[in-house]
Each structure stands twice: as structure tokens, then as C-alpha cells.
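Chemist: Next comes protein-v1.cif, mmCIF, C-alpha atoms:
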data_query
loop_
_atom_site.label_atom_id
_atom_site.label_comp_id
_atom_site.auth_asym_id
_atom_site.auth_seq_id
_atom_site.Cartn_x
_atom_site.Cartn_y
_atom_site.Cartn_z
CA MET A 165 0.21 -21.10 -0.62
CA ILE A 166 1.58 -21.36 -4.16
CA TYR A 167 4.34 -19.28 -5.70
CA ARG A 168 4.60 -18.12 -9.31
CA ARG A 169 8.07 -17.51 -10.70
CA LYS A 170 7.92 -15.06 -13.60
CA THR A 171 11.16 -14.82 -15.59
CA TYR A 172 11.89 -12.09 -18.14
CA LYS A 173 14.77 -12.12 -20.60
CA ILE A 174 15.62 -8.48 -21.21
CA ILE A 175 18.03 -6.25 -23.07
CA PRO A 176 20.43 -5.03 -20.33
CA GLU A 177 20.27 -1.44 -21.54
CA LYS A 178 16.50 -1.48 -21.04
CA LEU A 179 16.52 -2.63 -17.40
CA GLU A 180 15.63 0.80 -16.01
CA GLU A 181 12.86 1.27 -18.55
CA PHE A 182 11.43 -2.20 -17.83
CA THR A 183 11.58 -1.64 -14.06
CA ALA A 184 9.66 1.63 -14.42
CA PHE A 185 7.04 -0.19 -16.51
CA PHE A 186 6.80 -2.89 -13.82
CA HIS A 187 6.32 -0.36 -11.00
CA GLU A 188 3.75 1.69 -12.88
CA TYR A 189 1.61 -1.07 -14.39
CA LEU A 190 2.40 -4.68 -13.48
CA TYR A 191 3.00 -4.35 -9.74
CA PRO A 192 -0.04 -2.18 -8.82
CA ASN A 193 -2.39 -4.33 -10.90
CA GLN A 194 -1.27 -7.49 -9.10
CA ILE A 195 -1.39 -6.15 -5.54
CA THR A 196 -4.66 -4.29 -6.09
CA ASN A 197 -6.29 -7.58 -7.08
CA GLY A 198 -4.84 -9.59 -4.18
CA ALA A 199 -1.42 -10.97 -5.15
CA LYS A 200 1.64 -10.58 -2.91
CA LEU A 201 5.12 -9.89 -4.28
CA VAL A 202 7.74 -11.98 -2.47
CA GLY A 203 10.62 -10.29 -4.28
CA ARG A 204 12.11 -9.22 -7.59
CA TRP A 205 15.72 -9.81 -8.67
CA VAL A 206 18.02 -9.14 -11.62
CA THR A 207 21.12 -11.10 -12.66
CA GLU A 208 24.55 -9.47 -12.53
CA ASP A 209 24.70 -9.07 -16.30
CA LYS A 210 21.22 -7.47 -16.23
CA SER A 211 19.90 -9.86 -18.86
CA GLU A 212 17.26 -11.60 -16.73
CA VAL A 213 14.69 -10.39 -14.21
CA VAL A 214 12.83 -12.78 -11.90
CA ALA A 215 9.73 -11.92 -9.85
CA ILE A 216 8.13 -14.35 -7.41
CA TRP A 217 4.47 -13.85 -6.49
CA GLU A 218 2.46 -15.50 -3.72
CA TYR A 219 -1.17 -16.67 -3.98
CA LEU A 220 -3.48 -18.60 -1.68
CA ASN A 221 -3.93 -21.37 -4.26
CA GLN A 222 -4.30 -21.96 -8.02
CA GLU A 223 -7.89 -20.73 -8.02
CA HIS A 224 -6.79 -17.52 -6.31
CA TYR A 225 -4.14 -16.95 -8.99
CA GLU A 226 -6.60 -17.60 -11.82
CA SER A 227 -9.20 -15.21 -10.38
CA ILE A 228 -6.57 -12.47 -10.07
CA GLU A 229 -5.36 -12.98 -13.62
CA LYS A 230 -8.94 -12.77 -14.88
CA ALA A 231 -9.50 -9.52 -12.99
CA ILE A 232 -6.24 -8.07 -14.29
CA ARG A 233 -6.99 -8.88 -17.93
CA SER A 234 -10.30 -7.01 -17.71
CA SER A 235 -8.89 -3.99 -15.86
CA GLU A 236 -8.35 -0.48 -17.19
CA LEU A 237 -4.75 -0.53 -15.94
CA HIS A 238 -4.06 -3.64 -18.05
CA ARG A 239 -5.42 -1.85 -21.11
CA LYS A 240 -3.14 1.09 -20.39
CA ALA A 241 -0.19 -1.27 -19.88
CA GLN A 242 -0.75 -2.87 -23.29
CA ALA A 243 -0.88 0.55 -24.93
CA ARG A 244 2.26 1.63 -23.10
CA ARG A 245 4.12 -1.51 -24.25
CA LYS A 246 3.37 -0.61 -27.84
CA GLU A 247 4.81 2.86 -27.25
CA LEU A 248 7.95 1.51 -25.58
CA GLY A 249 8.61 -1.24 -28.10
CA GLU A 250 10.52 -4.30 -26.89
CA VAL A 251 10.75 -3.80 -23.10
CA PHE A 252 11.58 -7.50 -22.69
CA VAL A 253 12.60 -10.20 -25.16
CA THR A 254 10.78 -13.25 -23.80
CA SER A 255 8.98 -14.26 -20.61
CA SER A 256 8.08 -17.54 -18.95
CA GLN A 257 6.51 -18.70 -15.70
CA ASP A 258 6.23 -21.75 -13.51
CA PHE A 259 4.61 -22.56 -10.16
CA MET A 260 6.27 -23.75 -6.96
CA HIS A 261 5.21 -24.99 -3.53
CA ALA A 262 7.11 -24.33 -0.30
CA THR A 263 8.87 -27.34 1.22
CA GLY A 264 8.55 -25.99 4.76
CA THR A 265 8.44 -22.89 6.96
CA TYR A 266 11.89 -21.44 7.57
CA HIS A 267 11.16 -18.13 9.27
CA PRO A 268 8.87 -16.83 12.03
CA PRO A 269 5.55 -15.25 11.02
CA ARG A 270 5.98 -11.84 9.44
CA HIS A 271 3.47 -9.03 9.25
CA ILE A 272 3.52 -5.63 7.61
CA VAL A 273 2.66 -2.76 9.95
CA ALA A 274 0.81 0.12 8.33
CA VAL A 275 -0.30 3.47 9.77
CA SER A 276 -2.84 6.03 8.61
CA ALA A 277 -4.57 9.08 10.04
CA LEU A 278 -7.93 10.79 9.87
CA ILE A 279 -6.95 14.47 9.80
CA THR A 280 -9.41 17.31 10.37
CA ASN A 281 -9.01 21.02 9.64
CA ASP A 282 -10.57 24.01 11.44
CA LYS A 283 -13.79 23.54 9.45
CA GLY A 284 -14.11 19.94 10.60
CA GLU A 285 -13.36 18.62 7.11
CA ILE A 286 -11.47 15.35 6.58
CA LEU A 287 -8.25 15.02 4.55
CA LEU A 288 -8.87 12.51 1.74
CA VAL A 289 -6.60 11.05 -0.92
CA LYS A 290 -7.03 8.92 -4.02
CA ASN A 291 -4.10 6.66 -4.90
CA HIS A 292 -3.07 5.68 -8.43
CA HIS A 293 -3.22 1.96 -7.59
CA ARG A 294 -6.56 2.21 -5.71
CA ALA A 295 -8.39 4.60 -7.98
CA ASP A 296 -11.81 3.07 -7.20
CA THR A 297 -11.97 4.70 -3.76
CA TYR A 298 -10.97 7.66 -1.65
CA GLU A 299 -9.24 6.99 1.67
CA ILE A 300 -7.35 8.64 4.51
CA PRO A 301 -3.58 8.99 3.93
CA GLY A 302 -1.19 6.33 5.22
CA GLY A 303 1.32 3.62 4.37
CA GLN A 304 3.85 1.15 5.72
CA LEU A 305 5.85 1.82 8.86
CA GLU A 306 9.60 2.09 8.23
CA ASN A 307 12.35 0.50 10.32
CA GLY A 308 13.20 2.54 13.41
CA GLU A 309 9.96 4.57 13.41
CA THR A 310 7.40 4.75 16.16
CA LEU A 311 3.78 4.42 15.10
CA ALA A 312 3.16 8.15 15.55
CA GLU A 313 6.31 9.12 13.62
CA GLY A 314 5.28 6.88 10.74
CA ALA A 315 1.76 8.30 10.57
CA ILE A 316 3.00 11.91 10.54
CA ARG A 317 5.59 11.09 7.84
CA GLU A 318 3.10 9.25 5.63
CA VAL A 319 0.57 12.09 5.75
CA LEU A 320 3.27 14.63 4.89
CA GLU A 321 4.69 12.54 2.03
CA GLU A 322 1.32 11.77 0.44
CA THR A 323 -0.38 15.15 0.90
CA GLY A 324 2.21 17.85 1.69
CA VAL A 325 0.38 18.57 4.96
CA SER A 326 1.97 18.77 8.43
CA VAL A 327 -0.21 17.40 11.24
CA SER A 328 -0.37 16.68 14.95
CA LEU A 329 -1.90 13.47 16.27
CA THR A 330 -4.70 13.24 18.81
CA GLY A 331 -4.83 9.51 19.50
CA ILE A 332 -5.14 5.95 18.15
CA THR A 333 -8.70 5.08 17.11
CA GLY A 334 -8.35 1.48 15.97
CA ILE A 335 -6.18 -1.51 15.05
CA TYR A 336 -7.12 -3.61 12.01
CA GLN A 337 -5.69 -6.94 10.84
CA ASN A 338 -5.80 -7.91 7.16
CA MET A 339 -5.58 -11.71 7.39
CA THR A 340 -5.31 -12.18 3.63
CA LYS A 341 -2.24 -9.98 3.19
CA GLY A 342 -0.74 -10.17 6.68
CA ILE A 343 -1.06 -6.43 7.35
CA VAL A 344 -1.71 -4.87 10.75
CA SER A 345 -2.99 -1.29 10.39
CA VAL A 346 -2.97 1.29 13.18
CA VAL A 347 -5.21 4.31 12.61
CA PHE A 348 -4.80 7.69 14.30
CA ARG A 349 -6.93 10.77 14.49
CA GLY A 350 -5.16 14.13 14.15
CA LYS A 351 -5.30 17.82 13.29
CA TYR A 352 -4.09 19.93 10.39
CA ILE A 353 -1.17 22.26 11.19
CA SER A 354 0.11 23.66 7.90
CA GLY A 355 0.79 23.02 4.22
CA GLU A 356 -1.18 23.05 0.99
CA PRO A 357 -2.86 19.71 0.21
CA LEU A 358 -1.32 18.47 -3.03
CA PRO A 359 -0.78 15.04 -4.67
CA ASP A 360 2.77 13.69 -4.31
CA GLY A 361 3.03 12.79 -8.01
CA VAL A 362 3.93 9.18 -7.18
CA GLU A 363 1.23 7.49 -5.08
CA THR A 364 -1.54 10.06 -4.75
CA LYS A 365 -3.47 11.51 -7.67
CA GLU A 366 -5.99 13.58 -5.65
CA VAL A 367 -5.70 15.28 -2.24
CA PHE A 368 -8.27 17.57 -0.61
CA PHE A 369 -10.32 18.29 2.52
CA HIS A 370 -13.99 17.36 2.43
CA LYS A 371 -16.88 17.33 4.88
CA LEU A 372 -17.41 13.72 5.89
CA ASP A 373 -19.79 12.03 8.35
CA LYS A 374 -21.25 8.57 8.91
CA ASN A 375 -24.07 9.30 6.47
CA ASN A 376 -22.00 10.22 3.41
CA ALA A 377 -18.68 8.46 4.11
CA GLY A 378 -19.67 5.35 2.14
CA ALA A 379 -20.19 7.39 -1.02
CA TRP A 380 -16.53 8.46 -0.93
CA ILE A 381 -14.79 5.50 0.69
CA THR A 382 -16.03 2.51 -1.28
CA ARG A 383 -13.79 -0.23 0.10
CA PRO A 384 -15.40 -1.63 3.28
CA HIS A 385 -12.17 -2.17 5.25
CA PHE A 386 -11.22 1.49 4.69
CA LEU A 387 -14.71 2.71 5.52
CA THR A 388 -14.75 0.94 8.90
CA ARG A 389 -11.58 2.75 9.95
CA VAL A 390 -13.04 6.13 9.10
CA LEU A 391 -16.34 5.46 10.87
CA ASP A 392 -14.45 4.38 14.00
CA ALA A 393 -12.24 7.47 13.87
CA LEU A 394 -15.21 9.82 13.47
CA GLU A 395 -16.44 8.72 16.92
CA PRO A 396 -13.16 7.68 18.54
CA THR A 397 -12.24 5.67 21.61
CA TYR A 398 -8.55 6.35 22.06
CA LEU A 399 -5.82 3.81 22.85
CA PRO A 400 -2.27 4.31 24.20
CA ALA A 401 0.85 3.02 22.42
CA GLU A 402 4.41 2.43 23.62
CA ALA A 403 7.71 1.95 21.79
CA PHE A 404 10.60 0.34 23.68
CA ASN A 405 13.85 -1.61 23.44
CA LEU A 406 14.72 -4.76 25.39
CA HIS A 407 17.93 -6.10 26.97
CA PRO A 408 18.09 -3.72 28.74
CA TYR A 409 14.57 -2.31 28.80
CA GLU A 410 14.40 1.25 27.49
CA LEU A 411 11.17 3.16 26.96
CA ILE A 412 11.50 5.10 23.70
CA SER A 413 8.12 6.79 23.67
CA ARG A 414 4.60 6.52 25.01
CA PHE A 415 1.80 8.00 22.96
CA GLU A 416 -1.42 8.84 24.75
CA ALA A 417 -4.56 10.57 23.59
CA GLU A 418 -4.67 14.33 23.77
CA LYS A 419 -6.99 15.53 26.53
CA GLU A 420 -10.08 17.30 25.31
CA LYS A 421 -10.01 21.06 25.88
#
Show me the file's structure as C-alpha cells.
Modeler:
Amino acid sequence: MIYRRKTYKIIPEKLEEFTAFFHEYLYPNQITNGAKLVGRWVTEDKSEVVAIWEYLNQEHYESIEKAIRSSELHRKAQARRKELGEVFVTSSQDFMHATGTYHPPRHIVAVSALITNDKGEILLVKNHHRADTYEIPGGQLENGETLAEGAIREVLEETGVSVSLTGITGIYQNMTKGIVSVVFRGKYISGEPLPDGVETKEVFFHKLDKNNAGAWITRPHFLTRVLDALEPTYLPAEAFNLHPYELISRFEAEKEK
């Protein structure tokens, strides 16, 4: 792994404006193309912002930068910078290598759900930072949540729809980004499907099957999850505490009626 330290000298009064620009343009363009943000910090006097990014190697960084420079989001970012004026004074970067491993392996746990309505249609979303594909709603699990709680929350936040869950249809491990994704199947309960105005730009139900799914879900790792969920084999899941052992919840597939 290599790490890129990007340092921005900013006008303190423009910190909020610069952070909004970072979240809307810089961050999504990096992660969409394969970079990983280790963290982002600001000094106490708010005159300097530092972001550290992680890449597999120098070639990985260069390929990402090339993709970013040719992207539509980069073009929009350049236009937005002209509108905003001086969002930062100067910027610089350098590269670093880790001197050792000082923490146990860490993974992000994500949850998503294939939700059907009474017509058998599937709830689909299109995200601002993944505008090249449709997908089923989902996101990262928060601290203290069970897998099922996280999936229900993510669907509600992204689409405005309340759902019940039928069962777990698959577990998927993104080795590049260190993400473990748990996918559920579920049913629509209530709510009008609407974009959240932050992550999702489109939300709707659509008839989907194994023959047409690839035309809508163009990223292969998302497509596999949907195909598996369309013809599910359900798995149980437990949440528990240790010392002493305490079973918090056990999620099992709903029995077919």
C-alpha cells in the first residue's frame, strides 16, 4: 500500500464551503474510481486541511488520477471551482509508506436489500456517486445495529420506503476495498419512493428478472447480488454479546405461505 497526503492551505472562513466542495466532487470521484480515504483533518486555526488517501501502489494511484481527469464529475468540479472562486489558497501532496501494521484487520460491513412490491417489481436506486448503474438500496452498517436493522434503515433513508425483510440471500467480500456486504430480500410496506436528495438521484420500482437485470445494473458485483436474490437460498444471522454471552437477536428466513 502507498498513502498520499494531500494538504490544502485555506482561508479559515471558507472551511465549510471547501468541505462541501470536497464531499460533493473530490471524495465521490476518488472512491468511485478505487481510492480509499483514510481520514481528513483540519488544524485548530482552520487554515490547513489534510486528507490521506490509500492506494494499492503507484500504478494504482496513477490509473485513478487518469480516470478522474477524464470524468464528467471532474469537469463539473472545475466549473464549480470557477463559480466559487478561491476555495483554497494552495495545495501540495507527497507519498508515504507504512512502517508496520499497528492494528488488527478492519473491514467495512455493508447491507442492502432487494425489495419487491405487490406487483413483483424491484426497488431500484441510482446514486450520485455511481451514476453509471442502477442498484438495490443499501449502505454501511452503523455501530450498535444488527444486520437487519441496518438494512431496514438504509432502505428507508435512501428511498423513503418502509420494508420488512424475508431473509439473507448472500454475503459478498470486496477484497480491494475491504468491504463485506450482506444482502437481504424483503417486501414493501409503505411510503412513496423518492430520492433522499443526498445520495440517491433516482428511486422507483421496476420489473426485473435474470434476462433484463444486466441492462439496468451494469456493475458486475452489484448484478450478482440481484441475480442471487431473485432466486434466493436463505441464511440465518445472529447478533450477540460476549462476557457474558447474551443473544441479542436471531434473524431467520420467513416461511413461505
Chemist: In Å, with one decimal, what is the gap from CA of Tyr189 in chain A to CA of Gly314 in chain A?
Modeler: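 One can read the CA of Tyr189 in chain A to CA of Gly314 in chain A distance as 26.6 Å.
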Chemist: For Tyr336 in chain A, which residue out of A:Lys200, A:Arg233, A:Arg389, A:His271 is the nearest one, using only C-alpha atoms?
Modeler: A:Arg389
Chemist: Neighbourhood query: residues within 10 Å of (-15.5, 14.4, 7.9), file coordinates, counting all atoms listed in the file; return as a VMD selection string.
Modeler: chain A and resid 278 to 281 283 to 288 369 to 374 376 to 377 390 to 391 393 to 394
Chemist: Within 12 Å of (8.9, 7.4, 13.9) (file coordinates; all atoms listed in the file), which protein or nucleic acid residues are there? I'd like them as a list in words.
Modeler: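 Those residues, ordered by chain and then number, are Val275, Gln304, Leu305, Glu306, Asn307, Gly308, Glu309, Thr310, Leu311, Ala312, Glu313, Gly314, Ala315, Ile316, Arg317, Glu318, Glu402, Ala403, Ile412, Ser413, Arg414 and Phe415 of chain A.
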Chemist: Enumerate, as a short mmCIF file (atom, residue, chain, number, x, y, z; two decimals) with C-alpha atoms, keeping the file's coordinate frame, the residues matched when the PyMOL selection byres ((chain A and resi 343-358) around 7) is run on the file above.
Modeler:
data_model
loop_
_atom_site.label_atom_id
_atom_site.label_comp_id
_atom_site.auth_asym_id
_atom_site.auth_seq_id
_atom_site.Cartn_x
_atom_site.Cartn_y
_atom_site.Cartn_z
CA HIS A 271 3.47 -9.03 9.25
CA ILE A 272 3.52 -5.63 7.61
CA VAL A 273 2.66 -2.76 9.95
CA ALA A 274 0.81 0.12 8.33
CA VAL A 275 -0.30 3.47 9.77
CA SER A 276 -2.84 6.03 8.61
CA ALA A 277 -4.57 9.08 10.04
CA LEU A 278 -7.93 10.79 9.87
CA ILE A 279 -6.95 14.47 9.80
CA THR A 280 -9.41 17.31 10.37
CA ASN A 281 -9.01 21.02 9.64
CA THR A 323 -0.38 15.15 0.90
CA GLY A 324 2.21 17.85 1.69
CA VAL A 325 0.38 18.57 4.96
CA SER A 326 1.97 18.77 8.43
CA VAL A 327 -0.21 17.40 11.24
CA SER A 328 -0.37 16.68 14.95
CA LEU A 329 -1.90 13.47 16.27
CA THR A 330 -4.70 13.24 18.81
CA GLY A 331 -4.83 9.51 19.50
CA ILE A 332 -5.14 5.95 18.15
CA THR A 333 -8.70 5.08 17.11
CA GLY A 334 -8.35 1.48 15.97
CA ILE A 335 -6.18 -1.51 15.05
CA TYR A 336 -7.12 -3.61 12.01
CA GLN A 337 -5.69 -6.94 10.84
CA ASN A 338 -5.80 -7.91 7.16
CA MET A 339 -5.58 -11.71 7.39
CA LYS A 341 -2.24 -9.98 3.19
CA GLY A 342 -0.74 -10.17 6.68
CA PRO A 359 -0.78 15.04 -4.67
CA ASP A 360 2.77 13.69 -4.31
CA VAL A 367 -5.70 15.28 -2.24
CA PHE A 368 -8.27 17.57 -0.61
CA ALA A 393 -12.24 7.47 13.87
#
Chemist: Given the PyMOL selection byres ((chain A and resi 380) around 8) and the file above, list the residues it selects as a ChimeraX atom specification.
Modeler: /A:297-299,376-379,381-382
Chemist: Please indicate the distance in Å from CA of Val202 in chain A to CA of Lys246 in chain A, rounded to one decimal place.
Modeler: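 So the two atoms, CA of Val202 in chain A and CA of Lys246 in chain A, lie 28.1 Å apart.
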Chemist: Using the chain letters and numbers from the file, which residues does the PyMOL selection byres ((chain A and resi 169) around 9) grab, as a list in words?
Modeler: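 What the PyMOL selection byres ((chain A and resi 169) around 9) grabs from the file is Tyr167, Arg168, Lys170, Thr171, Val214, Ala215, Ile216, Trp217, Ser256, Gln257, Asp258, Phe259 and Met260 of chain A.
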Chemist: Could you name the residues that touch Glu250 in chain A at 10 Å or less, counting all atoms listed in the file, but leaving out those on the same chain fewer than 4 positions away, as an MDAnalysis selection string?
Modeler: chainID A and resid 174:175 178 182 245:246 254
Chemist: Tell me, in Å to one decimal, how far CA of Val253 in chain A is from CA of Phe186 in chain A.
Modeler: 14.7 Å
Chemist: Which one of A:Glu188, A:Glu363, A:Glu322, A:Glu226 sits closest to His292 in chain A if you count all atoms listed in the file?
Modeler: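 Nearest to His292 in chain A: A:Glu363.
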Chemist: Determine the axis-aligned bounding box of all atoms of range 387-394 of chain A present in the file, pad each side by 4 Å, and express its centre and edge lengths in Å to one decimal place as AutoDock Vina command-line options.
Modeler:
--center_x -14.0 --center_y 5.4 --center_z 9.8 --size_x 12.8 --size_y 16.9 --size_z 16.5
Chemist: List as a PyMOL selection string the protein and nucleic acid residues near Ser235 in chain A, meaning an atom at most 12 Å away when all atoms listed in the file are counted, but skip any in the same chain fewer than 4 places from it.
Modeler: chain A and resi 189-190+192-194+196-197+228-231+239-242+293+295-296
Chemist: Compare A:Gly361, A:Ala184, A:Ile300, A:His238 by their minimum atom-to-atom distance to Arg383 in chain A, counting all atoms listed in the file, and give me the closest one.
Modeler: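 Among A:Gly361, A:Ala184, A:Ile300, A:His238, it is A:Ile300 that comes nearest to Arg383 in chain A.
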